[in-house]
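The next block holds one structure in the form of C-alpha cells; read it before the comments.
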Amino acid sequence: MMEEEDEWGLWDRYMDKIDGRRKVCGMDLAELANKYGTPLYVIFESIIEDNYKKYKTLEKTYKNHLLCYAVKANATFALLKLLSGYGVGADVASEYELKFALDAGIPPEKIRANGNCKSDYFLEECVKRGIIINVDPEEELYILNDVAQKLGSEARVNLRLSGFPLENITSPNIFTCGGWTKFGTDIRRARDVFWNVKKLTNINLQGLMVHLGSQVTEVNAYADALNILIELVKDADDAGIKIEEIDLGGGFGISYMGEKGWKETKEKVKEAGFHRTWQDAPLGYAYDTKREELVWQGEEFYAPLTPDLFIERLFSDPLQSKLKEIGSPLLVLEPGRGIVGNAGLTIFKVCHVGKTPNGQNIIHVDGGANCNSQSIITPEQVHRMDIINDDKREDPFKTFVAGNLCYTGDLLSRIKISLGRKPMRGDFIVFYDTGAYEDFFASNANLFPRPARVMVSKDGRDKLVVRREEYTDIFSRDMGLEEMI
Ligand SMILES: Cc1ncc(COP(=O)(O)O)c(C=O)c1O
C-alpha cells in the first residue's frame, strides 16, 4: 500500500483482508498466484459489469447512444464476449482487432474503425461490411473513395478532428487532440473538408469524431470539445451534409489512488531534489515559464468522478439542449480504460530485495516493463501495490520496483512506493488497476514467456482465459524450432 494511508476507492467494495491475506471478489490472490504462476494478470467479471453499468447510465441522460469498447485496452476474447453479451460494440484499430471483434459476435453496425495508418485490406473489409470508419488523417478520404469505388460501394465515415484548444489534460504521450499529434484533421480545415467531400462520389460523411486522449479526468475538456463539434455540425449542414453521429472517443480517467494519497504523492515528488523519483528526475513535472513554477504535466491518477457521474455532468444542460437542437445525433463513446482499468490487477513474485549503489531500496520482481506497459507509455504511472501473501504491517518499506529485463530503465515504479513491511524473496506483490494497457507492449524480451490471464467470474470461480507461453510458443515463428526441440 502507498505510504499515505489512502482510501482504496473502488477496490474497497470488492476486497476482504483475512489474516493478512488479500481476497478480491472472494478470490484469494496468493492462491491464484500459486496455482497459475507469476507474473499473472487477473480480471474480475463483477467489476467489469459494474463499470459497464456506470457507462450505461447514458440511457437516462442521452438515449441515442452507442458504447464501443476500445479493444486495444485489453484484447482478451473472454472479455470481448462478455461485453458483446451486454450489447456493447467495439472500437477497432487494425484488421486484426476487427476480426477479433467480429469473432466475438459484435455486429458490424456496432463497430467503429480507428487508426492513423489503415491498410487497404482493413478499409476494404470495413466498406464491405458497412462499418463506419473514423477517417484519420484527411488524406484517407481520397484513398477510401477509391477503395469504395472499386468495390462499387459507399464508405460511411466520421471525420476525426484534432487541433483543439486544450492543454495539459493528460500526459503528452497519450494526448491525441491538440496541435502536436499524429491523429486527426485540423479542426480549422473541417469546413473545407465538408465542401471537398461532396465531390467524392463514394464517401458518405455522416459523423464527426474526436478522441481527446486517455486518462482524462476533466469533464470540462469534453464539454469544450463537444461544444466545438456542435458548432461544426451546423457548418456541415450549411454545406449540405447531415451529421448523424458524434463519436467522442474514449479517455475517461480512472482512479489509481485516492484523492488524498494522490495529492500528497504529487507534493512529495515535487519536493526539492525529487528524492522520491528514479534518478531524482522531475517526473511528471515541467517548468511553466508563465507561472514561473513547476507544474504537473503528467496524468492525473485520481479521477474525482466515476463514469456515471462524469456522464451525468457532461450531458446535462446546456449541452443536452444543444444536442437536441442539432437533432440528437447518435452519440458514440469508445471507453477502454474506464471499463477494464480498475477491473484488473497483476501479481508479481519478489526475487530480491536490495539497494542501488547510491543507497536506494529496490525490489526486483519477476516481470518487467513488457508486462507493465504503462511504465513505458507514461513513466510517472503509479499503482497501488501491496504484499498479498502475508501483509502484516511492520515498519513501512519505501522502495523503487525493478523488473527483470536487461536494461536500467526497466522499472515498474519510478516513484518510490511504500509497502507495509520489507518484502522477502518469494513474497507476492500485487499491482492494482492494471486491467487496461498492461500488455500493450507485451513481448518476449529476454525470451521470457508472456503471462497468463485469469478471469474471476461473478460466482467467484477462476478461469484461465489466456495461458502462459511455453518454450515452443516463444520460438513458434523461428524456422529453426524443429531443430531446437
Ligand atoms: C480512438 C480511440 N478510442 C478509444 C480509446 C480508448 O481510450 P481509453 O482507454 O482511455 O478509454 C483510444 C485509446 O487511446 C483511442 O485511441
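Ordering of the C-alpha cells sets the chain letters (A, B, ...); residue numbers start at 1 within each chain; ligands are numbered from 1 in the order shown.
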(request) Could you give me, as a list in words, the residues within 10 Å of Tyr121 in chain A, counting only C-alpha atoms and dropping anything in the same chain fewer than 6 positions from it? (result) Ser94, Glu95, Val127 and Val147 of chain A
(request) Would you list the residues that come within 10 Å of ligand 1? Count only C-alpha atoms and all ligand atoms and give the answer as a VMD selection string. (result) chain A and resid 68 to 74 90 to 93 112 to 116 134 136 160 174 to 176 183 to 184 209 to 216 247 to 254 333 to 341 436 to 437
(message) Using only C-alpha atoms for the distances, tell me which of A:Ala239, A:Met257, A:Ala221, A:Leu166 is nearest to Asn196 in chain A.
(response) A:Ala239
(message) Please compute the CA of Phe44 in chain A-CA of Gly87 in chain A distance, one decimal, in Å.
(response)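 Computing it gives 18.6 Å between the two atoms.
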(request) Could you pull out the residues in range 210-450 of chain A that DSSP calls helix (DSSP H, G or I) from the backbone, as a ChimeraX atom specification? (result) /A:219-238,259-270,272-274,278-280,307-314,319-325,337-343,369-371,374-377,445-447
